[in-house]
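Undergrad: final20.json is reproduced in full below (JSON, C-alpha atoms and all ligand atoms).
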```json
[["chain", "number", "residue", "atom", "x", "y", "z"],
["A", 407, "MET", "CA", 21.14, -6.30, -19.64],
["A", 408, "SER", "CA", 21.03, -9.09, -22.20],
["A", 409, "SER", "CA", 20.38, -8.75, -25.89],
["A", 410, "ARG", "CA", 16.83, -10.04, -25.39],
["A", 411, "THR", "CA", 15.72, -6.81, -23.73],
["A", 412, "GLY", "CA", 14.10, -4.08, -25.77],
["A", 413, "ALA", "CA", 12.75, -0.56, -25.48],
["A", 414, "PRO", "CA", 12.18, 1.10, -22.12],
["A", 415, "LEU", "CA", 8.96, -0.13, -20.49],
["A", 416, "LEU", "CA", 8.95, 1.52, -17.09],
["A", 417, "THR", "CA", 10.96, 4.49, -15.90],
["A", 418, "VAL", "CA", 11.14, 5.43, -12.23],
["A", 419, "THR", "CA", 12.51, 8.89, -11.51],
["A", 420, "ASP", "CA", 13.46, 10.46, -8.19],
["A", 421, "LEU", "CA", 10.99, 8.36, -6.20],
["A", 422, "HIS", "CA", 10.62, 9.43, -2.57],
["A", 423, "LYS", "CA", 8.50, 7.78, 0.11],
["A", 424, "SER", "CA", 8.38, 8.46, 3.84],
["A", 425, "PHE", "CA", 6.30, 6.95, 6.61],
["A", 426, "GLY", "CA", 6.12, 9.79, 9.11],
["A", 427, "ALA", "CA", 9.72, 10.74, 9.86],
["A", 428, "ASN", "CA", 11.03, 7.49, 8.36],
["A", 429, "GLN", "CA", 12.43, 8.34, 4.92],
["A", 430, "VAL", "CA", 12.34, 4.96, 3.23],
["A", 431, "LEU", "CA", 12.95, 5.96, -0.40],
["A", 432, "ARG", "CA", 15.16, 9.01, -0.82],
["A", 433, "GLY", "CA", 15.20, 9.40, -4.58],
["A", 434, "ILE", "CA", 15.17, 6.13, -6.52],
["A", 435, "ASP", "CA", 15.85, 6.00, -10.25],
["A", 436, "PHE", "CA", 15.84, 3.03, -12.62],
["A", 437, "THR", "CA", 14.43, 1.85, -15.94],
["A", 438, "ILE", "CA", 13.11, -1.57, -16.89],
["A", 439, "HIS", "CA", 13.12, -2.55, -20.55],
["A", 440, "GLU", "CA", 10.75, -4.85, -22.42],
["A", 441, "GLY", "CA", 11.72, -8.46, -21.76],
["A", 442, "GLU", "CA", 14.09, -7.50, -18.96],
["A", 443, "VAL", "CA", 14.26, -9.39, -15.68],
["A", 444, "LEU", "CA", 15.44, -6.97, -13.03],
["A", 445, "ALA", "CA", 16.29, -8.36, -9.59],
["A", 446, "LEU", "CA", 15.92, -5.89, -6.75],
["A", 447, "ILE", "CA", 18.06, -6.82, -3.77],
["A", 448, "GLY", "CA", 18.97, -5.15, -0.51],
["A", 449, "PRO", "CA", 18.94, -5.57, 3.26],
["A", 450, "SER", "CA", 15.71, -6.13, 5.13],
["A", 451, "GLY", "CA", 14.02, -2.78, 5.73],
["A", 452, "SER", "CA", 15.73, -1.06, 2.80],
["A", 453, "GLY", "CA", 12.41, -0.27, 1.13],
["A", 454, "LYS", "CA", 12.13, -2.98, -1.54],
["A", 455, "THR", "CA", 8.51, -3.83, -0.72],
["A", 456, "THR", "CA", 7.66, -0.15, -0.43],
["A", 457, "ALA", "CA", 9.15, 0.53, -3.88],
["A", 458, "LEU", "CA", 7.17, -2.36, -5.40],
["A", 459, "ARG", "CA", 3.96, -1.22, -3.73],
["A", 460, "CYS", "CA", 4.49, 2.29, -5.12],
["A", 461, "LEU", "CA", 5.01, 0.85, -8.62],
["A", 462, "ASN", "CA", 1.71, -1.01, -8.30],
["A", 463, "GLY", "CA", -0.18, 1.99, -6.95],
["A", 464, "LEU", "CA", -0.74, 0.34, -3.58],
["A", 465, "GLU", "CA", 1.34, 2.95, -1.80],
["A", 466, "ILE", "CA", 1.45, 6.64, -2.70],
["A", 467, "ALA", "CA", 4.94, 8.04, -3.13],
["A", 468, "ASN", "CA", 5.59, 11.58, -1.89],
["A", 469, "GLN", "CA", 7.62, 12.76, -4.86],
["A", 470, "GLY", "CA", 8.92, 11.50, -8.18],
["A", 471, "THR", "CA", 7.52, 9.89, -11.31],
["A", 472, "ILE", "CA", 6.53, 6.36, -12.30],
["A", 473, "ALA", "CA", 6.03, 6.24, -16.05],
["A", 474, "PHE", "CA", 5.12, 3.35, -18.34],
["A", 475, "ALA", "CA", 6.02, 3.85, -21.99],
["A", 476, "GLY", "CA", 2.75, 4.71, -23.71],
["A", 477, "GLY", "CA", 1.17, 5.49, -20.29],
["A", 478, "PRO", "CA", 0.02, 5.64, -17.67],
["A", 479, "SER", "CA", 2.44, 7.97, -15.97],
["A", 480, "VAL", "CA", 2.01, 9.26, -12.43],
["A", 481, "LYS", "CA", 3.87, 12.28, -11.10],
["A", 482, "PHE", "CA", 3.58, 12.25, -7.34],
["A", 483, "ASP", "CA", 2.95, 15.30, -5.21],
["A", 484, "PRO", "CA", 1.17, 15.83, -1.89],
["A", 485, "LYS", "CA", -2.18, 15.89, -3.72],
["A", 486, "THR", "CA", -1.79, 12.49, -5.39],
["A", 487, "THR", "CA", -4.56, 10.12, -4.30],
["A", 488, "LYS", "CA", -4.76, 6.32, -4.14],
["A", 489, "LYS", "CA", -7.26, 6.51, -6.94],
["A", 490, "SER", "CA", -4.99, 8.50, -9.25],
["A", 491, "ALA", "CA", -2.09, 6.12, -8.50],
["A", 492, "SER", "CA", -4.25, 3.04, -9.15],
["A", 493, "VAL", "CA", -3.94, 3.55, -12.94],
["A", 494, "LEU", "CA", -0.48, 1.99, -12.58],
["A", 495, "ARG", "CA", -2.25, -1.35, -12.15],
["A", 496, "ASP", "CA", -3.31, -1.16, -15.80],
["A", 497, "ARG", "CA", 0.17, -2.30, -16.78],
["A", 498, "SER", "CA", 1.60, -4.24, -13.83],
["A", 499, "ALA", "CA", 0.53, -7.08, -11.56],
["A", 500, "MET", "CA", 1.99, -8.10, -8.25],
["A", 501, "VAL", "CA", 2.81, -11.48, -6.73],
["A", 502, "PHE", "CA", 3.01, -11.02, -2.98],
["A", 503, "GLN", "CA", 5.32, -12.54, -0.40],
["A", 504, "GLY", "CA", 2.43, -14.53, 1.05],
["A", 505, "HIS", "CA", -0.11, -15.61, -1.51],
["A", 506, "HIS", "CA", -2.98, -13.28, -0.37],
["A", 507, "LEU", "CA", -5.66, -15.61, -1.77],
["A", 508, "PHE", "CA", -9.27, -15.32, -0.62],
["A", 509, "PRO", "CA", -9.82, -18.31, 1.72],
["A", 510, "HIS", "CA", -13.54, -18.56, 0.96],
["A", 511, "LEU", "CA", -13.08, -18.72, -2.82],
["A", 512, "THR", "CA", -11.90, -21.66, -4.91],
["A", 513, "VAL", "CA", -8.69, -21.50, -6.92],
["A", 514, "LEU", "CA", -10.68, -20.77, -10.08],
["A", 515, "GLN", "CA", -12.71, -18.06, -8.36],
["A", 516, "ASN", "CA", -9.57, -16.51, -6.89],
["A", 517, "VAL", "CA", -7.87, -16.14, -10.25],
["A", 518, "SER", "CA", -10.98, -15.03, -12.17],
["A", 519, "ILE", "CA", -12.57, -12.55, -9.76],
["A", 520, "GLY", "CA", -10.32, -9.63, -10.78],
["A", 521, "PRO", "CA", -10.72, -10.09, -14.55],
["A", 522, "LEU", "CA", -14.50, -10.55, -14.16],
["A", 523, "GLU", "CA", -15.31, -7.89, -11.60],
["A", 524, "VAL", "CA", -12.57, -5.29, -12.00],
["A", 525, "GLN", "CA", -11.57, -5.64, -15.65],
["A", 526, "ARG", "CA", -15.15, -6.70, -16.59],
["A", 527, "ARG", "CA", -14.01, -9.08, -19.27],
["A", 528, "PRO", "CA", -16.34, -11.68, -20.83],
["A", 529, "LYS", "CA", -16.77, -14.78, -18.68],
["A", 530, "ALA", "CA", -16.07, -17.34, -21.40],
["A", 531, "GLU", "CA", -12.74, -15.71, -22.26],
["A", 532, "VAL", "CA", -11.73, -15.43, -18.59],
["A", 533, "MET", "CA", -12.57, -19.10, -17.91],
["A", 534, "GLU", "CA", -10.59, -20.23, -20.93],
["A", 535, "GLN", "CA", -7.57, -18.14, -19.91],
["A", 536, "ALA", "CA", -7.78, -19.47, -16.33],
["A", 537, "ALA", "CA", -7.90, -23.07, -17.53],
["A", 538, "THR", "CA", -4.88, -22.53, -19.78],
["A", 539, "LEU", "CA", -2.81, -20.82, -17.09],
["A", 540, "LEU", "CA", -3.71, -23.29, -14.30],
["A", 541, "ASP", "CA", -2.70, -26.09, -16.64],
["A", 542, "ARG", "CA", 0.61, -24.35, -17.36],
["A", 543, "VAL", "CA", 1.54, -24.26, -13.68],
["A", 544, "GLY", "CA", 0.33, -27.84, -13.16],
["A", 545, "LEU", "CA", -2.77, -27.00, -11.14],
["A", 546, "SER", "CA", -5.67, -27.99, -13.42],
["A", 547, "GLU", "CA", -6.98, -30.53, -10.92],
["A", 548, "LYS", "CA", -7.03, -27.90, -8.18],
["A", 549, "ALA", "CA", -9.44, -25.48, -9.90],
["A", 550, "SER", "CA", -12.28, -26.29, -7.48],
["A", 551, "ALA", "CA", -10.08, -26.61, -4.41],
["A", 552, "PHE", "CA", -9.91, -24.04, -1.64],
["A", 553, "PRO", "CA", -6.56, -22.40, -0.82],
["A", 554, "SER", "CA", -6.33, -24.04, 2.60],
["A", 555, "SER", "CA", -6.12, -27.49, 0.96],
["A", 556, "LEU", "CA", -3.07, -26.49, -1.12],
["A", 557, "SER", "CA", 0.61, -26.53, -0.20],
["A", 558, "GLY", "CA", 2.43, -23.20, 0.10],
["A", 559, "GLY", "CA", 4.09, -23.78, -3.25],
["A", 560, "GLN", "CA", 0.75, -24.51, -4.92],
["A", 561, "GLN", "CA", -0.78, -21.42, -3.33],
["A", 562, "GLN", "CA", 2.06, -19.29, -4.63],
["A", 563, "ARG", "CA", 1.65, -20.75, -8.12],
["A", 564, "VAL", "CA", -2.04, -19.74, -7.92],
["A", 565, "GLY", "CA", -0.82, -16.26, -6.94],
["A", 566, "ILE", "CA", 1.30, -16.19, -10.10],
["A", 567, "VAL", "CA", -1.67, -17.27, -12.24],
["A", 568, "ARG", "CA", -3.79, -14.57, -10.64],
["A", 569, "ALA", "CA", -1.20, -11.98, -11.66],
["A", 570, "LEU", "CA", -0.93, -13.36, -15.21],
["A", 571, "MET", "CA", -4.74, -13.27, -15.59],
["A", 572, "GLN", "CA", -4.54, -9.48, -15.61],
["A", 573, "LYS", "CA", -2.47, -9.61, -18.82],
["A", 574, "PRO", "CA", 0.05, -7.18, -17.36],
["A", 575, "ASP", "CA", 3.07, -5.86, -19.24],
["A", 576, "LEU", "CA", 5.20, -6.05, -16.11],
["A", 577, "LEU", "CA", 5.18, -8.65, -13.34],
["A", 578, "LEU", "CA", 6.21, -7.56, -9.87],
["A", 579, "PHE", "CA", 7.37, -10.28, -7.47],
["A", 580, "ASP", "CA", 7.95, -9.53, -3.80],
["A", 581, "GLU", "CA", 10.15, -12.29, -2.38],
["A", 582, "PRO", "CA", 7.79, -14.91, -3.81],
["A", 583, "THR", "CA", 9.51, -17.84, -2.11],
["A", 584, "SER", "CA", 10.56, -16.39, 1.23],
["A", 585, "ALA", "CA", 7.50, -17.70, 3.09],
["A", 586, "LEU", "CA", 7.87, -21.23, 1.71],
["A", 587, "ASP", "CA", 9.35, -24.35, 3.23],
["A", 588, "PRO", "CA", 12.69, -24.99, 1.49],
["A", 589, "GLU", "CA", 11.44, -28.06, -0.39],
["A", 590, "LEU", "CA", 8.70, -25.97, -2.04],
["A", 591, "VAL", "CA", 10.92, -23.14, -3.27],
["A", 592, "GLY", "CA", 12.04, -24.92, -6.45],
["A", 593, "GLU", "CA", 8.57, -25.42, -7.94],
["A", 594, "VAL", "CA", 7.83, -21.69, -7.68],
["A", 595, "LEU", "CA", 11.23, -20.57, -8.96],
["A", 596, "SER", "CA", 10.91, -22.88, -11.95],
["A", 597, "VAL", "CA", 7.60, -21.23, -12.94],
["A", 598, "ILE", "CA", 9.25, -17.81, -12.66],
["A", 599, "LYS", "CA", 12.21, -18.99, -14.71],
["A", 600, "GLU", "CA", 9.89, -20.27, -17.40],
["A", 601, "LEU", "CA", 8.08, -16.93, -17.54],
["A", 602, "ALA", "CA", 11.43, -15.16, -17.84],
["A", 603, "SER", "CA", 12.48, -17.36, -20.73],
["A", 604, "GLU", "CA", 9.18, -16.61, -22.46],
["A", 605, "GLY", "CA", 10.13, -12.95, -22.46],
["A", 606, "TRP", "CA", 8.01, -11.58, -19.62],
["A", 607, "SER", "CA", 9.28, -8.31, -18.21],
["A", 608, "MET", "CA", 9.66, -8.60, -14.48],
["A", 609, "LEU", "CA", 10.90, -6.92, -11.37],
["A", 610, "LEU", "CA", 11.81, -9.52, -8.82],
["A", 611, "VAL", "CA", 12.60, -8.74, -5.21],
["A", 612, "THR", "CA", 14.54, -11.73, -3.94],
["A", 613, "HIS", "CA", 17.10, -12.98, -1.47],
["A", 614, "GLU", "CA", 17.80, -15.97, -3.72],
["A", 615, "LEU", "CA", 21.01, -14.61, -5.21],
["A", 616, "ALA", "CA", 21.86, -17.81, -7.05],
["A", 617, "PHE", "CA", 18.47, -17.65, -8.73],
["A", 618, "ALA", "CA", 18.92, -13.96, -9.52],
["A", 619, "ARG", "CA", 22.28, -14.72, -11.11],
["A", 620, "ASP", "CA", 20.59, -17.40, -13.18],
["A", 621, "VAL", "CA", 17.52, -15.51, -14.46],
["A", 622, "ALA", "CA", 18.08, -11.78, -14.03],
["A", 623, "ASP", "CA", 19.48, -9.53, -16.71],
["A", 624, "THR", "CA", 20.10, -6.68, -14.33],
["A", 625, "VAL", "CA", 20.41, -6.21, -10.59],
["A", 626, "VAL", "CA", 19.58, -3.16, -8.53],
["A", 627, "PHE", "CA", 21.03, -3.04, -5.00],
["A", 628, "MET", "CA", 19.15, -0.72, -2.67],
["A", 629, "ASP", "CA", 20.37, 0.44, 0.73],
["A", 630, "GLY", "CA", 19.61, 3.39, 2.95],
["A", 631, "GLY", "CA", 16.87, 4.68, 0.68],
["A", 632, "TYR", "CA", 19.04, 4.89, -2.43],
["A", 633, "VAL", "CA", 19.96, 2.74, -5.40],
["A", 634, "VAL", "CA", 23.57, 1.99, -4.51],
["A", 635, "GLU", "CA", 24.41, -0.12, -7.54],
["A", 636, "HIS", "CA", 22.65, -1.01, -10.81],
["A", 637, "GLY", "CA", 24.18, -3.10, -13.53],
["A", 638, "PRO", "CA", 24.31, -6.41, -15.38],
["A", 639, "ALA", "CA", 23.44, -9.29, -13.03],
["A", 640, "ALA", "CA", 26.71, -11.13, -13.52],
["A", 641, "GLN", "CA", 28.72, -8.02, -12.72],
["A", 642, "VAL", "CA", 26.75, -6.85, -9.67],
["A", 643, "LEU", "CA", 26.53, -10.33, -8.15],
["A", 644, "ARG", "CA", 30.03, -11.57, -8.98],
["A", 645, "SER", "CA", 32.16, -8.45, -8.76],
["A", 646, "PRO", "CA", 30.17, -5.58, -7.26],
["A", 647, "SER", "CA", 31.91, -2.24, -7.36],
["A", 648, "ASN", "CA", 30.37, -0.68, -4.25],
["A", 649, "PRO", "CA", 31.67, -1.89, -0.85],
["A", 650, "ARG", "CA", 28.13, -2.04, 0.58],
["A", 651, "THR", "CA", 26.99, -4.26, -2.29],
["A", 652, "GLN", "CA", 30.11, -6.39, -1.81],
["A", 653, "SER", "CA", 29.43, -7.07, 1.85],
["A", 654, "PHE", "CA", 25.71, -7.71, 1.26],
["A", 655, "VAL", "CA", 26.35, -10.19, -1.54],
["A", 656, "GLN", "CA", 29.14, -11.87, 0.44],
["A", 657, "ARG", "CA", 26.89, -12.29, 3.47],
["A", 658, "LEU", "CA", 24.05, -13.81, 1.46],
["A", 659, "LEU", "CA", 26.26, -16.17, -0.51],
["A", 660, "ASN", "CA", 28.34, -17.22, 2.53],
["A", 661, "PRO", "CA", 26.08, -16.85, 5.55],
["A", 662, "PHE", "CA", 28.27, -18.83, 7.95],
["A", 701, "LIG", "P1", 12.04, -4.30, 2.67],
["A", 701, "LIG", "O1", 10.94, -4.85, 1.79],
["A", 701, "LIG", "O2", 13.26, -3.92, 1.91],
["A", 701, "LIG", "O3", 12.36, -5.22, 3.81],
["A", 701, "LIG", "P2", 10.04, -2.37, 3.47],
["A", 701, "LIG", "O4", 9.69, -1.60, 2.25],
["A", 701, "LIG", "O5", 9.09, -3.42, 3.89],
["A", 701, "LIG", "O6", 11.51, -2.94, 3.31],
["A", 701, "LIG", "O7", 10.20, -1.38, 4.69],
["A", 701, "LIG", "C1", 11.05, -0.26, 4.68],
["A", 701, "LIG", "C2", 10.78, 0.58, 5.88],
["A", 701, "LIG", "O8", 9.49, 1.18, 5.78],
["A", 701, "LIG", "C3", 10.81, -0.14, 7.20],
["A", 701, "LIG", "O9", 11.44, 0.70, 8.15],
["A", 701, "LIG", "C4", 9.35, -0.33, 7.54],
["A", 701, "LIG", "O10", 9.15, -0.37, 8.91],
["A", 701, "LIG", "C5", 8.72, 0.91, 6.93],
["A", 701, "LIG", "N1", 7.33, 0.69, 6.50],
["A", 701, "LIG", "C6", 6.93, -0.11, 5.49],
["A", 701, "LIG", "N2", 5.60, -0.06, 5.34],
["A", 701, "LIG", "C7", 5.14, 0.79, 6.29],
["A", 701, "LIG", "C8", 3.84, 1.28, 6.65],
["A", 701, "LIG", "N3", 2.74, 0.89, 5.99],
["A", 701, "LIG", "N4", 3.77, 2.15, 7.68],
["A", 701, "LIG", "C9", 4.87, 2.57, 8.33],
["A", 701, "LIG", "N5", 6.11, 2.15, 8.05],
["A", 701, "LIG", "C10", 6.27, 1.28, 7.04],
["A", 702, "MG", "MG", 9.98, -6.66, 1.81]]
```
Would you mind giving the structure from this file in structure tokens?
TA:
Amino acid sequence: MSSRTGAPLLTVTDLHKSFGANQVLRGIDFTIHEGEVLALIGPSGSGKTTALRCLNGLEIANQGTIAFAGGPSVKFDPKTTKKSASVLRDRSAMVFQGHHLFPHLTVLQNVSIGPLEVQRRPKAEVMEQAATLLDRVGLSEKASAFPSSLSGGQQQRVGIVRALMQKPDLLLFDEPTSALDPELVGEVLSVIKELASEGWSMLLVTHELAFARDVADTVVFMDGGYVVEHGPAAQVLRSPSNPRTQSFVQRLLNPF
């Protein structure tokens, strides 16, 4: 963790999640601090997306606690409902692997529909925020365009704006560049890097280890339903202490 990170923001304790007999999360613990960029890495199928979806209240964990400093805090048990977990979305916003934009809505409508209809914020304020954020990611001219007319990188930048519109305290990214053509990856990563340097707290699931080494303060390596290693990014990515982390990092950095 670098010196720019502050007080604990989100604490995950003993998080369990199964799908039928498939125990995906077997007791996950970690804390994210204010201003921290935490990269979550691990093999395909290790439960990274599931963990993120639990943090955002999209999936209901079976056991454990997800607690934001100052609330909300959800303690999961068999009676926890989607509705009671949805309070977690008061503090976090998710950027999905694919952009998940509504095809029948314009860019501006896509990014403003949540703030207007879910958060019920005043229209003038929402429009002004949308204009500012679209400008920041270089998409002002695309406000009236439909998603299908945008490149994958532009669509993903709209997805980032949509998340920022919610004014979250924590941004959750689920492999935001993995569905993109290689030449479009850079434009999305550079937006994320800019947000990191502005002090946004974020949890970033990624296979881009070079990028993680560049922007992340801390790295969590998950495998087999557990957090296998958690430490400063430079240490976990350059000289991991666990053999499973070592072989995963080696494979990703030297695939051939
Ligand atoms: P990762 O993001 O690390 O690749 P996932 O969280 O997507 O891993 O998946 C972890 C495991 O959970 C996989 O075995 C996957 O098949 C299973 N899984 C994920 N979502 C569901 C679901 N909605 N229903 C049943 N099984 C699921
Ligand atoms: Mg995934």
Undergrad: So which one's closest to ligand MG 702 (chain A), A:Ser647, A:Gln656, A:Gln561, A:Thr583? Using all atoms listed in the file, please.
TA: A:Thr583
Undergrad: May I ask for the distance between CA of Glu593 (chain A) and CA of His510 (chain A), given in Å to one decimal place?
TA: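 Distance between the two atoms: 24.8 Å.
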Undergrad: Please return as a PDB file with C-alpha atoms, in the coordinates of the input the residues found within 8 Å of ligand MG 702 (chain A), counting all atoms listed in the file.
TA:
```
ATOM      1  CA  SER A 450      15.710  -6.130   5.130  1.00  0.00           C
ATOM      2  CA  GLY A 451      14.020  -2.780   5.730  1.00  0.00           C
ATOM      3  CA  GLY A 453      12.410  -0.270   1.130  1.00  0.00           C
ATOM      4  CA  LYS A 454      12.130  -2.980  -1.540  1.00  0.00           C
ATOM      5  CA  THR A 455       8.510  -3.830  -0.720  1.00  0.00           C
ATOM      6  CA  THR A 456       7.660  -0.150  -0.430  1.00  0.00           C
ATOM      7  CA  GLN A 503       5.320 -12.540  -0.400  1.00  0.00           C
ATOM      8  CA  ASP A 580       7.950  -9.530  -3.800  1.00  0.00           C
ATOM      9  CA  GLU A 581      10.150 -12.290  -2.380  1.00  0.00           C
ATOM     10  CA  VAL A 611      12.600  -8.740  -5.210  1.00  0.00           C
TER      11      VAL A 611
END
```
Undergrad: Would you mind reading off the distance between CA of Met500 (chain A) and CA of Thr651 (chain A), one decimal, in Å?
TA: 26.0 Å
Undergrad: Using all atoms listed in the file for the distances, tell me which of A:Gly426, A:Pro449, A:Ser555, A:Ala536 is nearest to Leu658 (chain A).
TA: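 Nearest to Leu658 (chain A): A:Pro449.
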Undergrad: Fewer than 5 positions away in the same chain doesn't count, so skip those; otherwise give me all residues within 6 Å of region 550-554 of chain A, counting all atoms listed in the file, as a ChimeraX atom specification.
TA: /A:509,512-513
Undergrad: Kindly work out which residues sit at most 12 Å from ligand LIG 701 (chain A), using all atoms listed in the file, and give the list as a ChimeraX atom specification.
TA: /A:422-432,446-460,464-467,502-503,579-582,584,610-613,627-633
